[in-house]
Amino acid sequence: MNSDTIQLRDLKVDCIIGVNAAERHNPQPLLVHVELLVNTESAATSDRLDETVDYENVAAQILFILRLGQFHLLETACHALCRTLLLPPAEAERRAAIESVRLRIEKPQGLHGQAIPCLEVSRHRSDMSYRVKERSFGRLHIVHETPNIGIYRLNLAPGQRVPLHMHPMLQEAEMLLSDGILVQNVAGSRGSIRLWPKCFPHSYENPTAETQSILCLCRPAYSEAGEVLVQGHASPINAYTPSDLESQLLTRDWLGL
């Protein structure tokens with residue numbers, strides 16, 4: 001099988017990353033370089049974007065995870081990103097499978113200008129295994145978990161609904177990976193983001209005939225015991241784009257900084 005490389009170079013992301021006190025409160029820039037091994041033969045013949053990998057969506061997922069993840073280590077950030085990008089495509093994602101990822105993250109301010117710390121990792125999809133939980137709405141892929149954060153993909157089966165619920169002990173940020181999902185009973189667009197505070201009732205519904213998917217980031221990691229079903233109506237909430245997360249006021253408010 002032919003495999004080609006799609007690259008994103010010098011993607012700049014300002015985010016919280018590091019272990020010392022100053023780093024936990026002040027965003028700093030990262031430079032991200034990613035190479036994706038993908039078979040582009042079908043896309044070259046059909047001239048269709050859904051036969052390859054949309055680098056705009058890749059960049060959006062990287063920005064989403066890094067800006068909201070508050071990772072302590074580059075190692076954790078790199079591993080979480082690789083596992084996310086190597087997920088097999090859900091039915092309605094409309095993209096090719098990624099065979100492997102080479103990811104490099106540079107931290108220009110990590111040594112105060114004396115040198116630039118960086119980490120480069122390579123992963124193949126055959127290296128990846130994901131725990132999957134069957135839920136009433138479909139399936140939950142557990143992408144990556146630490147004591148501080150969990151990353152998941154929700155796969156909503158046709159005609160199914162995530163009932164109105166809230167989380168008293170965690171925050172959720174969710175990015176729609178496909179079109180066709182109703183958020184708070186309103187149609188949401190692919191790539192749009194919701195930032196759910198603690199105790200904010202929310203729900204999703206898939207009225208379509210194919211599986212729809214959502215990328216979910218929880219702080220701390222998700223626990224079914226911490227999910228509370230709620231009676232009533234779903235209140236409206238703002239939808240954001242990945243570029244909106246550049247607002248330090250927006251992310252600081254959600255992160256509680």
# chains A, B, ... in the order shown; residues from 1 in each chain; ligands from 1
>>> closest_atom_pairs(of="stretch 158-242 of chain A", to="stretch 54-73 of chain A", cutoff="9 Å", atoms="only C-alpha atoms", output="Markdown table")
| residue | atom | partner | partner_atom | distance |
| --- | --- | --- | --- | --- |
| A:Ala173 | CA | A:Leu68 | CA | 7.9 |
| A:Glu174 | CA | A:Phe64 | CA | 9.0 |
| A:Met175 | CA | A:Phe64 | CA | 7.9 |
| A:Leu177 | CA | A:Asn57 | CA | 8.6 |
| A:Gly191 | CA | A:Asn57 | CA | 7.2 |
| A:Ile193 | CA | A:Phe64 | CA | 8.6 |
| A:Leu215 | CA | A:Gln61 | CA | 8.5 |
| A:Leu217 | CA | A:Ile65 | CA | 7.5 |
| A:Cys218 | CA | A:Gly69 | CA | 8.7 |
| A:Arg219 | CA | A:Gly69 | CA | 8.1 |
| A:Thr241 | CA | A:Ala60 | CA | 8.5 |
| A:Pro242 | CA | A:Ala60 | CA | 5.7 |
>>> write_last_selection(atoms="N, CA, C and O atoms", output="tab-separated table (two decimals), in the first residue's frame")
chain	number	residue	atom	x	y	z
A	173	ALA	N	-14.63	19.65	28.27
A	173	ALA	CA	-14.56	20.40	27.02
A	173	ALA	C	-14.78	19.39	25.91
A	173	ALA	O	-14.17	18.32	25.92
A	174	GLU	N	-15.64	19.73	24.95
A	174	GLU	CA	-15.97	18.76	23.91
A	174	GLU	C	-15.96	19.41	22.54
A	174	GLU	O	-16.48	20.51	22.35
A	175	MET	N	-15.33	18.70	21.59
A	175	MET	CA	-15.25	19.14	20.21
A	175	MET	C	-15.99	18.15	19.33
A	175	MET	O	-15.74	16.94	19.40
A	177	LEU	N	-16.57	16.06	16.20
A	177	LEU	CA	-15.72	15.54	15.13
A	177	LEU	C	-16.49	15.29	13.84
A	177	LEU	O	-15.88	14.93	12.83
A	191	GLY	N	-16.16	20.52	14.39
A	191	GLY	CA	-15.08	21.37	14.86
A	191	GLY	C	-15.48	22.36	15.93
A	191	GLY	O	-14.61	22.98	16.55
A	193	ILE	N	-16.75	23.76	19.57
A	193	ILE	CA	-16.31	23.37	20.92
A	193	ILE	C	-17.28	23.93	21.96
A	193	ILE	O	-17.73	25.07	21.84
A	215	LEU	N	-15.02	14.47	20.51
A	215	LEU	CA	-13.77	14.39	21.28
A	215	LEU	C	-13.99	15.11	22.60
A	215	LEU	O	-14.39	16.28	22.62
A	217	LEU	N	-12.61	16.11	26.56
A	217	LEU	CA	-11.50	16.28	27.49
A	217	LEU	C	-12.09	16.59	28.86
A	217	LEU	O	-12.88	17.53	29.00
A	218	CYS	N	-11.76	15.79	29.87
A	218	CYS	CA	-12.29	15.95	31.22
A	218	CYS	C	-11.17	16.26	32.21
A	218	CYS	O	-10.09	15.67	32.14
A	219	ARG	N	-11.45	17.18	33.12
A	219	ARG	CA	-10.52	17.50	34.20
A	219	ARG	C	-11.26	17.42	35.52
A	219	ARG	O	-12.16	18.25	35.75
A	241	THR	N	-14.79	28.20	18.44
A	241	THR	CA	-13.88	27.61	17.46
A	241	THR	C	-12.53	27.42	18.13
A	241	THR	O	-12.26	28.03	19.18
A	242	PRO	N	-11.62	26.61	17.55
A	242	PRO	CA	-10.29	26.47	18.14
A	242	PRO	C	-9.55	27.80	18.29
A	242	PRO	O	-8.84	28.01	19.26
>>> select_by_dssp(residues="stretch 96-209 of chain A", states="strand (DSSP E)", output="PyMOL selection string")
chain A and resi 100-106+118-124+131-135+138-145+150-156+161-166+171-176+182-183+186-187+193-196+202-205
>>> residues_around(residues="A:Ala234", least_positions_apart="2", cutoff="12 Å", atoms="only C-alpha atoms", output="NGL selection string")
:A and (162-166 or 182-186 or 200-205 or 229-232 or 236-237)
>>> closest_residue(among="A:Val101, A:Glu41, A:Arg153, A:Cys118", to="A:Leu8", atoms="only C-alpha atoms")
A:Val101
>>> atom_distance(atom1="atom CA of A:Tyr240", atom2="atom CA of A:Glu172")
13.8 Å
>>> residues_around(residues="A:His33", least_positions_apart="4", cutoff="6 Å", atoms="only C-alpha atoms", output="PDB file with C-alpha atoms, in the first residue's frame")
ATOM      1  CA  LEU A   8       2.207  20.535   9.802  1.00  0.00           C
ATOM      2  CA  ARG A   9       5.252  22.632  10.676  1.00  0.00           C
ATOM      3  CA  ASP A  10       5.732  25.308  13.316  1.00  0.00           C
ATOM      4  CA  LEU A 103       5.355  14.366  16.538  1.00  0.00           C
ATOM      5  CA  ARG A 104       7.860  16.918  17.813  1.00  0.00           C
TER       6      ARG A 104
END
>>> atom_distance(atom1="atom CA of A:Glu23", atom2="atom CA of A:Cys199")
28.1 Å
>>> closest_residue(among="A:Gly180, A:Gly18, A:Gly113, A:Pro88", to="A:Ser129", atoms="only C-alpha atoms")
A:Pro88
>>> atom_distance(atom1="atom CA of A:Arg102", atom2="atom CA of A:Glu35")
5.0 Å
